[in-house]
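**Q** Coordinates in coords.txt, compact mmCIF, C-alpha atoms, are listed below.
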```txt
# COMPACT_ATOMS: atom_id res chain seq x y z
CA MET A 21 -11.21 -42.59 108.51
CA THR A 22 -7.67 -43.49 109.61
CA LYS A 23 -5.67 -41.09 111.78
CA ALA A 24 -3.58 -40.04 108.74
CA GLU A 25 -6.70 -39.37 106.65
CA GLU A 26 -8.14 -37.31 109.47
CA ILE A 27 -4.99 -35.15 109.67
CA MET A 28 -4.96 -34.62 105.88
CA SER A 29 -8.60 -33.63 106.01
CA LEU A 30 -7.96 -31.06 108.79
CA ALA A 31 -4.92 -29.75 106.89
CA LYS A 32 -6.99 -29.32 103.69
CA LYS A 33 -9.74 -27.57 105.63
CA LEU A 34 -7.20 -25.09 107.04
CA ALA A 35 -5.68 -24.40 103.58
CA GLU A 36 -9.12 -23.86 102.07
CA SER A 37 -10.29 -21.55 104.85
CA CYS A 38 -7.28 -19.18 104.66
CA SER A 39 -7.57 -16.26 102.24
CA ASN A 40 -3.88 -15.47 102.70
CA VAL A 41 -0.82 -17.69 102.81
CA MET A 42 2.72 -16.99 103.99
CA VAL A 43 5.17 -17.66 101.17
CA GLY A 44 8.73 -18.57 102.10
CA SER A 45 11.54 -18.13 99.57
CA ILE A 46 15.31 -17.88 99.54
CA GLY A 47 16.52 -14.51 98.28
CA ASN A 48 19.52 -12.17 98.24
CA GLN A 49 22.61 -13.48 100.02
CA ASP A 50 20.65 -16.70 100.73
CA TYR A 51 18.47 -15.15 103.42
CA PRO A 52 15.06 -16.71 104.01
CA TYR A 53 12.19 -14.34 103.09
CA VAL A 54 8.50 -14.40 104.01
CA LYS A 55 5.61 -12.56 102.39
CA SER A 56 1.86 -12.77 102.86
CA MET A 57 0.08 -13.35 99.54
CA PHE A 58 -3.50 -13.91 98.48
CA LYS A 59 -4.22 -17.61 98.01
CA MET A 60 -5.92 -17.93 94.65
CA GLU A 61 -6.65 -21.66 94.15
CA THR A 62 -5.80 -24.96 95.79
CA ASN A 63 -5.86 -28.47 94.35
CA GLY A 64 -5.96 -30.60 97.48
CA LEU A 65 -2.67 -30.17 99.32
CA LYS A 66 -0.59 -30.92 96.24
CA GLU A 67 -0.93 -27.64 94.32
CA VAL A 68 -1.49 -24.01 95.29
CA TRP A 69 -1.85 -21.24 92.71
CA LEU A 70 -0.88 -17.61 93.33
CA SER A 71 -0.40 -14.59 91.11
CA THR A 72 1.98 -11.65 91.31
CA ASN A 73 3.98 -9.04 89.41
CA THR A 74 6.58 -10.56 87.09
CA SER A 75 8.94 -7.76 88.25
CA SER A 76 8.44 -8.64 91.96
CA LYS A 77 11.05 -9.82 94.45
CA ARG A 78 9.36 -13.23 94.84
CA VAL A 79 9.64 -13.94 91.10
CA SER A 80 13.33 -13.06 91.12
CA HIS A 81 13.86 -15.35 94.13
CA PHE A 82 12.07 -18.30 92.50
CA ARG A 83 13.88 -17.83 89.18
CA SER A 84 17.18 -18.27 91.08
CA ASN A 85 15.91 -20.93 93.48
CA PRO A 86 12.52 -22.63 93.02
CA LYS A 87 12.47 -24.07 96.57
CA ALA A 88 9.52 -22.67 98.48
CA CYS A 89 7.30 -23.18 101.47
CA LEU A 90 3.71 -22.20 102.03
CA TYR A 91 2.41 -21.73 105.54
CA PHE A 92 -1.29 -21.56 106.40
CA VAL A 93 -1.83 -20.49 109.97
CA ASP A 94 -4.54 -19.87 112.49
CA PRO A 95 -2.61 -18.26 115.37
CA VAL A 96 -5.75 -17.95 117.53
CA GLU A 97 -6.47 -21.69 117.51
CA TYR A 98 -2.74 -22.43 117.37
CA LYS A 99 -2.84 -24.57 114.25
CA GLY A 100 -0.70 -24.42 111.15
CA LEU A 101 0.10 -26.23 107.94
CA LEU A 102 3.53 -26.03 106.35
CA LEU A 103 3.98 -27.29 102.80
CA LEU A 104 7.45 -27.67 101.24
CA GLY A 105 7.89 -27.78 97.49
CA LYS A 106 8.82 -25.80 94.43
CA ILE A 107 7.38 -22.89 92.48
CA ASP A 108 6.97 -22.75 88.71
CA ILE A 109 6.57 -19.29 87.19
CA LEU A 110 3.92 -19.53 84.46
CA GLU A 111 3.50 -16.83 81.83
CA ASP A 112 1.32 -18.67 79.29
CA LEU A 113 -2.05 -17.09 78.53
CA GLU A 114 -4.06 -20.10 79.71
CA SER A 115 -2.57 -20.00 83.23
CA LYS A 116 -2.92 -16.21 83.36
CA LYS A 117 -6.60 -16.46 82.32
CA ARG A 118 -7.20 -19.13 84.95
CA LEU A 119 -6.26 -16.81 87.82
CA TRP A 120 -7.48 -13.48 86.41
CA ARG A 121 -10.09 -11.85 88.66
CA GLU A 122 -12.32 -8.80 88.36
CA GLY A 123 -10.42 -5.70 89.45
CA PHE A 124 -6.98 -7.07 88.58
CA ASP A 125 -6.54 -4.30 86.02
CA ILE A 126 -5.76 -1.95 88.94
CA TYR A 127 -2.52 -3.93 89.36
CA TYR A 128 -2.06 -4.96 85.71
CA PRO A 129 -3.31 -2.11 83.51
CA LYS A 130 -2.52 -3.99 80.28
CA GLY A 131 -4.96 -6.77 81.20
CA ILE A 132 -4.48 -10.54 81.11
CA ALA A 133 -1.61 -10.31 78.63
CA ASP A 134 0.22 -7.69 80.75
CA PRO A 135 3.85 -8.90 80.81
CA ASP A 136 4.08 -7.76 84.43
CA TYR A 137 1.35 -10.24 85.44
CA CYS A 138 2.33 -13.86 86.05
CA VAL A 139 1.21 -17.00 87.85
CA LEU A 140 3.07 -18.96 90.54
CA ARG A 141 2.19 -22.65 90.69
CA PHE A 142 3.40 -24.29 93.89
CA THR A 143 3.77 -28.09 93.94
CA ALA A 144 4.19 -29.67 97.37
CA CYS A 145 6.36 -32.68 98.13
CA LYS A 146 5.90 -32.84 101.91
CA GLY A 147 4.16 -31.13 104.78
CA ASN A 148 3.64 -30.73 108.48
CA TYR A 149 0.38 -30.06 110.30
CA TYR A 150 0.16 -29.01 113.92
CA HIS A 151 -2.60 -28.27 116.36
CA ASN A 152 -1.76 -27.24 119.93
CA LEU A 153 1.33 -29.21 120.90
CA LYS A 154 0.82 -32.13 118.50
CA ASN A 155 2.35 -32.16 115.07
CA ILE A 156 2.73 -34.63 112.25
CA ASP A 157 4.92 -34.82 109.14
CA PHE A 158 3.64 -36.30 105.87
CA GLU A 159 4.76 -36.90 102.28
CA LEU A 160 2.72 -35.75 99.29
CA MET B 6 10.26 14.07 111.03
CA THR B 7 11.95 13.09 107.74
CA LYS B 8 10.31 10.56 105.42
CA ALA B 9 12.79 7.86 106.54
CA GLU B 10 12.10 8.56 110.23
CA GLU B 11 8.37 8.37 109.58
CA ILE B 12 8.72 4.95 107.90
CA MET B 13 10.88 3.62 110.76
CA SER B 14 8.31 4.87 113.24
CA LEU B 15 5.46 3.10 111.38
CA ALA B 16 7.57 -0.07 111.13
CA LYS B 17 8.29 -0.01 114.90
CA LYS B 18 4.61 0.55 115.65
CA LEU B 19 3.67 -2.50 113.56
CA ALA B 20 6.33 -4.71 115.26
CA GLU B 21 5.17 -3.56 118.71
CA SER B 22 1.48 -4.14 117.95
CA CYS B 23 1.90 -7.74 116.72
CA SER B 24 1.69 -10.47 119.35
CA ASN B 25 2.91 -13.04 116.81
CA VAL B 26 5.70 -12.93 114.26
CA MET B 27 6.42 -15.17 111.29
CA VAL B 28 9.91 -16.64 111.63
CA GLY B 29 11.71 -17.65 108.42
CA SER B 30 14.58 -20.13 108.58
CA ILE B 31 16.48 -22.43 106.26
CA GLY B 32 16.07 -26.08 107.16
CA ASN B 33 16.40 -29.62 105.82
CA GLN B 34 17.62 -29.88 102.23
CA ASP B 35 17.91 -26.06 102.22
CA TYR B 36 14.16 -25.47 102.01
CA PRO B 37 12.83 -22.21 103.43
CA TYR B 38 10.59 -22.73 106.48
CA VAL B 39 8.06 -20.41 108.16
CA LYS B 40 6.56 -20.67 111.63
CA SER B 41 4.38 -18.33 113.65
CA MET B 42 5.88 -17.65 117.08
CA PHE B 43 4.98 -15.47 120.03
CA LYS B 44 6.92 -12.23 119.99
CA MET B 45 8.37 -11.82 123.45
CA GLU B 46 10.35 -8.54 123.41
CA THR B 47 11.57 -5.98 120.90
CA ASN B 48 14.40 -3.47 121.19
CA GLY B 49 13.53 -0.98 118.47
CA LEU B 50 13.84 -2.72 115.11
CA LYS B 51 17.37 -3.98 115.85
CA GLU B 52 16.58 -6.85 118.23
CA VAL B 53 13.67 -9.23 118.73
CA TRP B 54 13.58 -11.85 121.49
CA LEU B 55 11.71 -15.15 121.26
CA SER B 56 11.72 -18.35 123.27
CA THR B 57 11.24 -21.96 122.28
CA ASN B 58 12.08 -25.59 122.99
CA THR B 59 15.79 -26.36 122.65
CA SER B 60 14.74 -29.62 120.94
CA SER B 61 12.59 -27.77 118.34
CA LYS B 62 13.05 -27.69 114.57
CA ARG B 63 13.77 -23.94 114.59
CA VAL B 64 16.71 -24.41 116.97
CA SER B 65 18.17 -27.16 114.80
CA HIS B 66 17.78 -24.90 111.72
CA PHE B 67 19.50 -21.93 113.39
CA ARG B 68 22.34 -24.07 114.77
CA SER B 69 23.12 -25.12 111.16
CA ASN B 70 22.37 -21.73 109.58
CA PRO B 71 21.81 -18.60 111.70
CA LYS B 72 20.30 -16.60 108.81
CA ALA B 73 16.72 -15.64 109.63
CA CYS B 74 13.92 -13.31 108.76
CA LEU B 75 11.10 -12.00 110.89
CA TYR B 76 7.90 -10.84 109.26
CA PHE B 77 5.28 -8.74 111.05
CA VAL B 78 2.12 -8.47 109.02
CA ASP B 79 -1.29 -6.87 109.07
CA PRO B 80 -3.01 -8.56 106.11
CA VAL B 81 -6.23 -6.57 106.62
CA GLU B 82 -4.54 -3.18 106.22
CA TYR B 83 -2.05 -4.69 103.76
CA LYS B 84 1.07 -3.65 105.63
CA GLY B 85 4.10 -5.66 106.52
CA LEU B 86 7.60 -5.41 107.94
CA LEU B 87 10.34 -7.84 106.96
CA LEU B 88 13.56 -7.89 108.97
CA LEU B 89 16.60 -9.87 107.79
CA GLY B 90 19.33 -10.88 110.21
CA LYS B 91 20.69 -13.67 112.32
CA ILE B 92 19.57 -15.67 115.35
CA ASP B 93 21.69 -16.43 118.40
CA ILE B 94 20.56 -19.33 120.57
CA LEU B 95 21.01 -18.31 124.22
CA GLU B 96 21.00 -20.85 127.02
CA ASP B 97 22.49 -18.78 129.85
CA LEU B 98 20.32 -18.34 132.94
CA GLU B 99 20.14 -14.55 132.67
CA SER B 100 18.60 -14.65 129.16
CA LYS B 101 16.25 -17.46 130.17
CA LYS B 102 15.13 -15.45 133.25
CA ARG B 103 14.58 -12.39 131.09
CA LEU B 104 11.94 -14.11 128.93
CA TRP B 105 10.39 -16.42 131.52
CA ARG B 106 6.65 -15.75 131.93
CA GLU B 107 3.98 -17.04 134.29
CA GLY B 108 2.56 -20.31 132.98
CA PHE B 109 5.73 -21.32 131.10
CA ASP B 110 6.06 -24.38 133.34
CA ILE B 111 3.30 -26.00 131.23
CA TYR B 112 5.85 -26.11 128.39
CA TYR B 113 9.00 -26.39 130.51
CA PRO B 114 8.18 -28.49 133.59
CA LYS B 115 11.72 -28.18 135.00
CA GLY B 116 11.37 -24.39 135.26
CA ILE B 117 13.76 -21.65 134.15
CA ALA B 118 16.74 -23.99 134.16
CA ASP B 119 14.90 -26.61 132.02
CA PRO B 120 17.47 -27.64 129.37
CA ASP B 121 14.62 -27.83 126.84
CA TYR B 122 13.89 -24.09 127.30
CA CYS B 123 16.02 -21.60 125.37
CA VAL B 124 16.01 -18.07 124.05
CA LEU B 125 16.35 -16.90 120.45
CA ARG B 126 17.83 -13.42 120.04
CA PHE B 127 17.31 -12.04 116.54
CA THR B 128 19.57 -9.18 115.39
CA ALA B 129 18.47 -7.35 112.24
CA CYS B 130 20.81 -5.96 109.59
CA LYS B 131 18.21 -4.71 107.11
CA GLY B 132 14.51 -4.45 106.50
CA ASN B 133 11.61 -3.63 104.23
CA TYR B 134 8.36 -1.94 105.16
CA TYR B 135 5.32 -1.82 102.89
CA HIS B 136 1.89 -0.33 103.06
CA ASN B 137 -0.52 -0.77 100.16
CA LEU B 138 1.57 -0.70 97.00
CA LYS B 139 4.46 1.38 98.39
CA ASN B 140 7.50 -0.24 99.91
CA ILE B 141 10.87 0.88 101.17
CA ASP B 142 14.15 -0.90 101.98
CA PHE B 143 16.36 0.22 104.86
CA GLU B 144 19.60 -0.74 106.63
CA LEU B 145 19.81 -1.22 110.38
```
Please express what this file holds, its structure, as structure tokens.
**A**
Amino acid sequence: MTKAEEIMSLAKKLAESCSNVMVGSIGNQDYPYVKSMFKMETNGLKEVWLSTNTSSKRVSHFRSNPKACLYFVDPVEYKGLLLLGKIDILEDLESKKRLWREGFDIYYPKGIADPDYCVLRFTACKGNYYHNLKNIDFEL
Amino acid sequence: MTKAEEIMSLAKKLAESCSNVMVGSIGNQDYPYVKSMFKMETNGLKEVWLSTNTSSKRVSHFRSNPKACLYFVDPVEYKGLLLLGKIDILEDLESKKRLWREGFDIYYPKGIADPDYCVLRFTACKGNYYHNLKNIDFEL
């Protein structure tokens, strides 16, 4: 394994092990915003899938500006993975079915087709992984 | 205690109890960025003090664009506090003395006057506190 492959492997491991991810967006008056969200699915480091309320602040941010970052962090071991990319808001039934989980009807009483339920697909273009005082940038 | 006072008190308690805070900035190509940093000092909800390397990415972001957010989160109890505001980069000796802690010479070998050691003073203008599915905006 080359050094770069090793870093990517550690970065993937961190993303997979986190149940939550910090989602960065640009919102009202161009302030940066951060929110912790449940991580639903990952596809390597290239794609991360999340779900939320269509009426939520995050959705309104990403409709105005799709630029996003996702940050997976282990503050105890001082390691973190930042991914930069864009968010697509998906409201087709197939995507909504893909992320639907048992118990979601507490949040979305109308079920999978609830118009207030939607999917956020994040696609990364670059990233940074750090552990202790070392950190490395990479393209995706 | 009014409802608003109660919320502010819960928000302060959360900020005080967190040893780390997620720092949102706007960086290269206007992407949002997030980084976990040690929270050094708070002054109510109005001011939060952090320290970092003068040569760090965060400092270069805030020199170009002082808009920032700080996010204190307890993902287990599903509560979070977002503060929006601006960051001032302080390099005067008094501010650097204020935040200097034992062991900092590992990061800043030249001591308090190390030009690579600086202070970030965050001043909040508004915020949002949530717990479970309830959330409230406030001005500061």
**Q** Near chain A, meaning an atom within 8 Å, which residues of chain B appear when counting all atoms listed in the file? Write them as a ChimeraX atom specification.
**A** /B:25,27,29-31,36-41,72-76,78,80,87,89
**Q** Here's a check: after a least-squares fit over all in-order C-alpha atoms, write chain B in the frame of chain A, as a PDB file with C-alpha atoms, keeping the file's coordinate frame.
**A**
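Once everything was written out, this is superposed_16.pdb:
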```pdb
ATOM      1  CA  MET B   6     -11.222 -42.576 108.497  1.00  0.00           C
ATOM      2  CA  THR B   7      -7.670 -43.486 109.588  1.00  0.00           C
ATOM      3  CA  LYS B   8      -5.654 -41.092 111.751  1.00  0.00           C
ATOM      4  CA  ALA B   9      -3.564 -40.040 108.714  1.00  0.00           C
ATOM      5  CA  GLU B  10      -6.688 -39.364 106.624  1.00  0.00           C
ATOM      6  CA  GLU B  11      -8.147 -37.303 109.451  1.00  0.00           C
ATOM      7  CA  ILE B  12      -4.994 -35.147 109.661  1.00  0.00           C
ATOM      8  CA  MET B  13      -4.948 -34.611 105.876  1.00  0.00           C
ATOM      9  CA  SER B  14      -8.598 -33.619 106.005  1.00  0.00           C
ATOM     10  CA  LEU B  15      -7.940 -31.059 108.785  1.00  0.00           C
ATOM     11  CA  ALA B  16      -4.907 -29.743 106.878  1.00  0.00           C
ATOM     12  CA  LYS B  17      -6.979 -29.315 103.676  1.00  0.00           C
ATOM     13  CA  LYS B  18      -9.726 -27.557 105.621  1.00  0.00           C
ATOM     14  CA  LEU B  19      -7.199 -25.080 107.046  1.00  0.00           C
ATOM     15  CA  ALA B  20      -5.657 -24.385 103.583  1.00  0.00           C
ATOM     16  CA  GLU B  21      -9.124 -23.866 102.075  1.00  0.00           C
ATOM     17  CA  SER B  22     -10.277 -21.540 104.866  1.00  0.00           C
ATOM     18  CA  CYS B  23      -7.275 -19.174 104.661  1.00  0.00           C
ATOM     19  CA  SER B  24      -7.569 -16.262 102.243  1.00  0.00           C
ATOM     20  CA  ASN B  25      -3.869 -15.466 102.720  1.00  0.00           C
ATOM     21  CA  VAL B  26      -0.809 -17.686 102.815  1.00  0.00           C
ATOM     22  CA  MET B  27       2.718 -16.978 104.004  1.00  0.00           C
ATOM     23  CA  VAL B  28       5.166 -17.649 101.173  1.00  0.00           C
ATOM     24  CA  GLY B  29       8.742 -18.577 102.128  1.00  0.00           C
ATOM     25  CA  SER B  30      11.534 -18.139  99.593  1.00  0.00           C
ATOM     26  CA  ILE B  31      15.304 -17.884  99.534  1.00  0.00           C
ATOM     27  CA  GLY B  32      16.524 -14.526  98.295  1.00  0.00           C
ATOM     28  CA  ASN B  33      19.515 -12.183  98.242  1.00  0.00           C
ATOM     29  CA  GLN B  34      22.613 -13.481 100.021  1.00  0.00           C
ATOM     30  CA  ASP B  35      20.664 -16.702 100.727  1.00  0.00           C
ATOM     31  CA  TYR B  36      18.480 -15.153 103.426  1.00  0.00           C
ATOM     32  CA  PRO B  37      15.061 -16.700 103.998  1.00  0.00           C
ATOM     33  CA  TYR B  38      12.199 -14.340 103.088  1.00  0.00           C
ATOM     34  CA  VAL B  39       8.494 -14.412 104.024  1.00  0.00           C
ATOM     35  CA  LYS B  40       5.611 -12.571 102.392  1.00  0.00           C
ATOM     36  CA  SER B  41       1.863 -12.773 102.859  1.00  0.00           C
ATOM     37  CA  MET B  42       0.081 -13.351  99.547  1.00  0.00           C
ATOM     38  CA  PHE B  43      -3.496 -13.917  98.475  1.00  0.00           C
ATOM     39  CA  LYS B  44      -4.228 -17.592  98.008  1.00  0.00           C
ATOM     40  CA  MET B  45      -5.907 -17.919  94.644  1.00  0.00           C
ATOM     41  CA  GLU B  46      -6.641 -21.648  94.160  1.00  0.00           C
ATOM     42  CA  THR B  47      -5.794 -24.954  95.803  1.00  0.00           C
ATOM     43  CA  ASN B  48      -5.862 -28.460  94.354  1.00  0.00           C
ATOM     44  CA  GLY B  49      -5.953 -30.604  97.477  1.00  0.00           C
ATOM     45  CA  LEU B  50      -2.669 -30.160  99.329  1.00  0.00           C
ATOM     46  CA  LYS B  51      -0.572 -30.929  96.229  1.00  0.00           C
ATOM     47  CA  GLU B  52      -0.936 -27.642  94.333  1.00  0.00           C
ATOM     48  CA  VAL B  53      -1.489 -24.014  95.286  1.00  0.00           C
ATOM     49  CA  TRP B  54      -1.863 -21.226  92.721  1.00  0.00           C
ATOM     50  CA  LEU B  55      -0.886 -17.604  93.327  1.00  0.00           C
ATOM     51  CA  SER B  56      -0.405 -14.581  91.111  1.00  0.00           C
ATOM     52  CA  THR B  57       1.970 -11.654  91.307  1.00  0.00           C
ATOM     53  CA  ASN B  58       3.965  -9.046  89.408  1.00  0.00           C
ATOM     54  CA  THR B  59       6.580 -10.557  87.095  1.00  0.00           C
ATOM     55  CA  SER B  60       8.921  -7.763  88.264  1.00  0.00           C
ATOM     56  CA  SER B  61       8.427  -8.660  91.972  1.00  0.00           C
ATOM     57  CA  LYS B  62      11.048  -9.851  94.450  1.00  0.00           C
ATOM     58  CA  ARG B  63       9.347 -13.248  94.841  1.00  0.00           C
ATOM     59  CA  VAL B  64       9.640 -13.943  91.104  1.00  0.00           C
ATOM     60  CA  SER B  65      13.329 -13.050  91.115  1.00  0.00           C
ATOM     61  CA  HIS B  66      13.852 -15.358  94.139  1.00  0.00           C
ATOM     62  CA  PHE B  67      12.053 -18.299  92.501  1.00  0.00           C
ATOM     63  CA  ARG B  68      13.857 -17.834  89.173  1.00  0.00           C
ATOM     64  CA  SER B  69      17.171 -18.260  91.066  1.00  0.00           C
ATOM     65  CA  ASN B  70      15.915 -20.927  93.487  1.00  0.00           C
ATOM     66  CA  PRO B  71      12.527 -22.633  93.023  1.00  0.00           C
ATOM     67  CA  LYS B  72      12.477 -24.071  96.567  1.00  0.00           C
ATOM     68  CA  ALA B  73       9.517 -22.673  98.491  1.00  0.00           C
ATOM     69  CA  CYS B  74       7.301 -23.195 101.464  1.00  0.00           C
ATOM     70  CA  LEU B  75       3.711 -22.193 102.023  1.00  0.00           C
ATOM     71  CA  TYR B  76       2.417 -21.733 105.539  1.00  0.00           C
ATOM     72  CA  PHE B  77      -1.285 -21.553 106.400  1.00  0.00           C
ATOM     73  CA  VAL B  78      -1.809 -20.495 109.976  1.00  0.00           C
ATOM     74  CA  ASP B  79      -4.537 -19.882 112.501  1.00  0.00           C
ATOM     75  CA  PRO B  80      -2.616 -18.265 115.377  1.00  0.00           C
ATOM     76  CA  VAL B  81      -5.754 -17.962 117.534  1.00  0.00           C
ATOM     77  CA  GLU B  82      -6.471 -21.703 117.525  1.00  0.00           C
ATOM     78  CA  TYR B  83      -2.734 -22.439 117.373  1.00  0.00           C
ATOM     79  CA  LYS B  84      -2.851 -24.561 114.243  1.00  0.00           C
ATOM     80  CA  GLY B  85      -0.703 -24.418 111.181  1.00  0.00           C
ATOM     81  CA  LEU B  86       0.107 -26.222 107.953  1.00  0.00           C
ATOM     82  CA  LEU B  87       3.534 -26.016 106.346  1.00  0.00           C
ATOM     83  CA  LEU B  88       3.982 -27.288 102.797  1.00  0.00           C
ATOM     84  CA  LEU B  89       7.449 -27.654 101.248  1.00  0.00           C
ATOM     85  CA  GLY B  90       7.903 -27.792  97.492  1.00  0.00           C
ATOM     86  CA  LYS B  91       8.811 -25.820  94.431  1.00  0.00           C
ATOM     87  CA  ILE B  92       7.374 -22.897  92.474  1.00  0.00           C
ATOM     88  CA  ASP B  93       6.961 -22.752  88.708  1.00  0.00           C
ATOM     89  CA  ILE B  94       6.568 -19.303  87.177  1.00  0.00           C
ATOM     90  CA  LEU B  95       3.899 -19.522  84.458  1.00  0.00           C
ATOM     91  CA  GLU B  96       3.498 -16.834  81.831  1.00  0.00           C
ATOM     92  CA  ASP B  97       1.329 -18.658  79.286  1.00  0.00           C
ATOM     93  CA  LEU B  98      -2.052 -17.096  78.524  1.00  0.00           C
ATOM     94  CA  GLU B  99      -4.067 -20.095  79.715  1.00  0.00           C
ATOM     95  CA  SER B 100      -2.576 -19.978  83.245  1.00  0.00           C
ATOM     96  CA  LYS B 101      -2.922 -16.196  83.366  1.00  0.00           C
ATOM     97  CA  LYS B 102      -6.605 -16.473  82.301  1.00  0.00           C
ATOM     98  CA  ARG B 103      -7.200 -19.121  84.941  1.00  0.00           C
ATOM     99  CA  LEU B 104      -6.265 -16.786  87.817  1.00  0.00           C
ATOM    100  CA  TRP B 105      -7.477 -13.480  86.386  1.00  0.00           C
ATOM    101  CA  ARG B 106     -10.098 -11.857  88.644  1.00  0.00           C
ATOM    102  CA  GLU B 107     -12.320  -8.802  88.337  1.00  0.00           C
ATOM    103  CA  GLY B 108     -10.427  -5.703  89.449  1.00  0.00           C
ATOM    104  CA  PHE B 109      -6.977  -7.080  88.552  1.00  0.00           C
ATOM    105  CA  ASP B 110      -6.551  -4.292  85.995  1.00  0.00           C
ATOM    106  CA  ILE B 111      -5.768  -1.960  88.934  1.00  0.00           C
ATOM    107  CA  TYR B 112      -2.528  -3.938  89.345  1.00  0.00           C
ATOM    108  CA  TYR B 113      -2.061  -4.962  85.708  1.00  0.00           C
ATOM    109  CA  PRO B 114      -3.315  -2.114  83.499  1.00  0.00           C
ATOM    110  CA  LYS B 115      -2.511  -3.990  80.266  1.00  0.00           C
ATOM    111  CA  GLY B 116      -4.957  -6.772  81.178  1.00  0.00           C
ATOM    112  CA  ILE B 117      -4.487 -10.543  81.088  1.00  0.00           C
ATOM    113  CA  ALA B 118      -1.618 -10.312  78.625  1.00  0.00           C
ATOM    114  CA  ASP B 119       0.226  -7.694  80.764  1.00  0.00           C
ATOM    115  CA  PRO B 120       3.863  -8.902  80.810  1.00  0.00           C
ATOM    116  CA  ASP B 121       4.078  -7.762  84.445  1.00  0.00           C
ATOM    117  CA  TYR B 122       1.329 -10.248  85.444  1.00  0.00           C
ATOM    118  CA  CYS B 123       2.326 -13.866  86.062  1.00  0.00           C
ATOM    119  CA  VAL B 124       1.219 -16.993  87.850  1.00  0.00           C
ATOM    120  CA  LEU B 125       3.066 -18.952  90.532  1.00  0.00           C
ATOM    121  CA  ARG B 126       2.194 -22.651  90.687  1.00  0.00           C
ATOM    122  CA  PHE B 127       3.404 -24.281  93.897  1.00  0.00           C
ATOM    123  CA  THR B 128       3.764 -28.086  93.948  1.00  0.00           C
ATOM    124  CA  ALA B 129       4.192 -29.674  97.379  1.00  0.00           C
ATOM    125  CA  CYS B 130       6.370 -32.693  98.134  1.00  0.00           C
ATOM    126  CA  LYS B 131       5.892 -32.833 101.905  1.00  0.00           C
ATOM    127  CA  GLY B 132       4.174 -31.140 104.788  1.00  0.00           C
ATOM    128  CA  ASN B 133       3.638 -30.722 108.499  1.00  0.00           C
ATOM    129  CA  TYR B 134       0.380 -30.065 110.299  1.00  0.00           C
ATOM    130  CA  TYR B 135       0.157 -29.009 113.938  1.00  0.00           C
ATOM    131  CA  HIS B 136      -2.598 -28.268 116.362  1.00  0.00           C
ATOM    132  CA  ASN B 137      -1.773 -27.257 119.927  1.00  0.00           C
ATOM    133  CA  LEU B 138       1.329 -29.200 120.909  1.00  0.00           C
ATOM    134  CA  LYS B 139       0.823 -32.139 118.519  1.00  0.00           C
ATOM    135  CA  ASN B 140       2.357 -32.168 115.080  1.00  0.00           C
ATOM    136  CA  ILE B 141       2.720 -34.634 112.254  1.00  0.00           C
ATOM    137  CA  ASP B 142       4.925 -34.832 109.143  1.00  0.00           C
ATOM    138  CA  PHE B 143       3.631 -36.282 105.879  1.00  0.00           C
ATOM    139  CA  GLU B 144       4.746 -36.892 102.282  1.00  0.00           C
ATOM    140  CA  LEU B 145       2.714 -35.754  99.296  1.00  0.00           C
TER     141      LEU B 145
END
```
**Q** Could you please give me, as a ChimeraX atom specification, the residues of protein, DNA or RNA lying at most 10 Å from (-6.3, -14.6, 82.0) in the coordinate frame of the file, considering all atoms listed in the file?
**A** /A:112-121,131-134,137-139
**Q** Suppose you want the space between atom CA of A:His151 and atom CA of B:Glu52; what is it in Å?
**A**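 These two atoms are separated by 28.8 Å.
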**Q** Could you pull the residues within 8 Å of A:Leu65, counting all atoms listed in the file, minus those fewer than 2 positions along the same chain, as an NGL selection string?
**A** :A and (31-32 or 35 or 62-63 or 67-68 or 144 or 160)
**Q** Atom CA of B:Leu55 to atom CA of A:Cys145: how many Å, to one decimal?
**A**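 Result for atom CA of B:Leu55 versus atom CA of A:Cys145: 29.5 Å, one decimal.
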**Q** Atom CA of B:Ser56 and atom CA of B:Thr128 are how many Å apart?
**A**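 If I compute the distance from atom CA of B:Ser56 to atom CA of B:Thr128, I get 14.4 Å.
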**Q** Name the closest residue to A:Ser80 among the candidates A:Leu140, A:Lys154, A:Leu30, A:Lys59; distances are taken between atoms, counting all atoms listed in the file.
**A**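 Result for the nearest residue to A:Ser80: A:Leu140.
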**Q** Between B:Ile92, B:Ile111, B:Ile12, B:Cys23, which has the minimum distance to B:Ser69 (counting all atoms listed in the file)?
**A**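 When distances to B:Ser69 are compared using all atoms listed in the file, the smallest one comes from B:Ile92.
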**Q** Between A:Ile109, A:Val79, A:Met28, A:Met60, which has the minimum distance to A:Asn148 (counting all atoms listed in the file)?
**A** A:Met28
